[in-house]
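Enquirer: Input: one structure, supplied below.
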Amino acid sequence: MKKEDLLAQGLTEEQAKYVMGEYGKTVTTHNKAIEALKESETALQAQIADNNTKLAELGKQEGNSDALNQKIKELQESNQALTDELAATTKTNAIHNALRDAGANDLDYLAYKLGEVEVDDKGVIKDLENKIKDLQTNHPTFFEVTDPAEPTPKGPEGFEQIPNPLKPGNNADPDLTEQFTSAFTADIPATQTTN
């Protein structure tokens, strides 16, 4: 989204600055969340590699005792748990990246609305594009408008601006104070003063 696009759609300079500021905050928040997921994924991969190294070392030792076999079993279980956690983190990261690329505003909510997704043997989420298109159809307010011909004006965070049907010019209602005064005084008989 560019400030020039907003100005071209009829927003004032101040409105465009506000929208760009809010958009920047949203993008920054999403980018921080994605970076946290990437760091978590990297840490999990390092833990798995460390566990694999320990397992290989323990397997090479001669005269495996019961304690050593127990340690191997614990490391294998830990390795499996970390592998499962890595798969879940990778899937969440892929969903959030796809939603962000589609212009989603609330990644966590839309990921929840996406529901359970299937992952193929290569780690790719099956039919993700169609599922996101369904979300865009069923929940359009959670996605940025990509069609510049029909922008949806946004108000402050959490509010949607309703288009003004009035034409520019003097379309104001007559003075309401005058209407109320005339309505209340219409039933009062006029009094005449005599000198």
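Residues in the structure tokens are named by chain (A, B, ... in the order shown) and by number from 1 within that chain; ligands are numbered from 1 in the order shown.
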Report as a ChimeraX atom specification all protein, DNA and RNA residues lying within 10 Å of Thr89 of chain A, evaluated on only C-alpha atoms, omitting residues in the same chain fewer than 2 positions from it.

Expert: /A:37-38,40-41,44,83-87,91-95

Enquirer: Compile the contact shell of segment 98-105 of chain A as a list of chain:residue names: residues with an atom at most 6 Å away, counting only C-alpha atoms, same-chain residues fewer than 6 positions apart removed.

Expert: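 Surrounding residues, per the criterion: A:Phe142, A:Phe143, A:Glu144.
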
Enquirer: When you look at Lys2 of chain A with a cut-off of 12 Å (counting only C-alpha atoms), what residues show up, excluding the ones that are within fewer than 2 positions of it in the same chain? I need them as an mmCIF file with N, CA, C and O atoms, in the first residue's frame.

Expert:
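As written to disk, result_28.cif reads:
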data_model
loop_
_atom_site.group_PDB
_atom_site.id
_atom_site.type_symbol
_atom_site.label_atom_id
_atom_site.label_comp_id
_atom_site.auth_asym_id
_atom_site.auth_seq_id
_atom_site.Cartn_x
_atom_site.Cartn_y
_atom_site.Cartn_z
ATOM 1 N N GLU A 4 0.454 7.403 -2.040
ATOM 2 C CA GLU A 4 -0.060 8.004 -3.272
ATOM 3 C C GLU A 4 -1.373 7.340 -3.692
ATOM 4 O O GLU A 4 -2.273 8.009 -4.212
ATOM 5 N N ASP A 5 -1.483 6.029 -3.475
ATOM 6 C CA ASP A 5 -2.720 5.325 -3.820
ATOM 7 C C ASP A 5 -3.879 5.838 -2.978
ATOM 8 O O ASP A 5 -5.004 5.994 -3.469
ATOM 9 N N LEU A 6 -3.615 6.093 -1.703
ATOM 10 C CA LEU A 6 -4.661 6.596 -0.817
ATOM 11 C C LEU A 6 -5.081 8.007 -1.220
ATOM 12 O O LEU A 6 -6.274 8.338 -1.219
ATOM 13 N N LEU A 7 -4.098 8.823 -1.558
ATOM 14 C CA LEU A 7 -4.418 10.189 -2.002
ATOM 15 C C LEU A 7 -5.224 10.149 -3.297
ATOM 16 O O LEU A 7 -6.142 10.947 -3.491
ATOM 17 N N ALA A 8 -4.891 9.215 -4.180
ATOM 18 C CA ALA A 8 -5.609 9.088 -5.444
ATOM 19 C C ALA A 8 -7.050 8.654 -5.220
ATOM 20 O O ALA A 8 -7.924 8.937 -6.050
ATOM 21 N N GLN A 9 -7.319 7.978 -4.109
ATOM 22 C CA GLN A 9 -8.679 7.531 -3.797
ATOM 23 C C GLN A 9 -9.499 8.613 -3.092
ATOM 24 O O GLN A 9 -10.644 8.382 -2.724
ATOM 25 N N ALA A 16 -4.363 10.049 4.866
ATOM 26 C CA ALA A 16 -3.412 9.113 4.260
ATOM 27 C C ALA A 16 -2.249 8.837 5.203
ATOM 28 O O ALA A 16 -1.814 7.692 5.345
ATOM 29 N N LYS A 17 -1.744 9.880 5.896
ATOM 30 C CA LYS A 17 -0.662 9.680 6.861
ATOM 31 C C LYS A 17 -1.123 8.771 7.992
ATOM 32 O O LYS A 17 -0.386 7.903 8.433
ATOM 33 N N VAL A 19 -3.576 6.468 7.931
ATOM 34 C CA VAL A 19 -3.748 5.101 7.424
ATOM 35 C C VAL A 19 -2.390 4.440 7.236
ATOM 36 O O VAL A 19 -2.198 3.275 7.616
ATOM 37 N N MET A 20 -1.425 5.145 6.679
ATOM 38 C CA MET A 20 -0.100 4.570 6.472
ATOM 39 C C MET A 20 0.568 4.256 7.807
ATOM 40 O O MET A 20 1.251 3.238 7.949
ATOM 41 N N GLY A 21 0.366 5.113 8.804
ATOM 42 C CA GLY A 21 0.921 4.851 10.126
ATOM 43 C C GLY A 21 0.338 3.590 10.739
ATOM 44 O O GLY A 21 1.052 2.743 11.284
ATOM 45 N N TYR A 23 -1.128 1.163 9.101
ATOM 46 C CA TYR A 23 -0.696 0.038 8.262
ATOM 47 C C TYR A 23 0.722 -0.377 8.633
ATOM 48 O O TYR A 23 1.020 -1.563 8.741
ATOM 49 N N GLY A 24 1.581 0.600 8.857
ATOM 50 C CA GLY A 24 2.955 0.312 9.258
ATOM 51 C C GLY A 24 3.014 -0.439 10.580
ATOM 52 O O GLY A 24 3.799 -1.366 10.749
ATOM 53 N N THR A 146 -7.785 -5.050 -2.409
ATOM 54 C CA THR A 146 -6.744 -5.056 -3.435
ATOM 55 C C THR A 146 -7.213 -4.422 -4.735
ATOM 56 O O THR A 146 -6.413 -4.166 -5.605
ATOM 57 N N PRO A 148 -8.238 -1.294 -6.530
ATOM 58 C CA PRO A 148 -8.239 0.147 -6.322
ATOM 59 C C PRO A 148 -9.506 0.826 -6.842
ATOM 60 O O PRO A 148 -9.775 1.948 -6.490
#

Enquirer: Measure the distance from atom CA of Asp134 of chain A to atom CA of Thr29 of chain A in Å and round it to one decimal.

Expert: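 Separating atom CA of Asp134 of chain A from atom CA of Thr29 of chain A is a distance of 24.7 Å.
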
Enquirer: At a cut-off of 10 Å, using only C-alpha atoms, what residues contact Glu118 of chain A? Leave out same-chain residues fewer than 5 positions from it and give the result as a PyMOL selection string.

Expert: chain A and resi 91+123-128
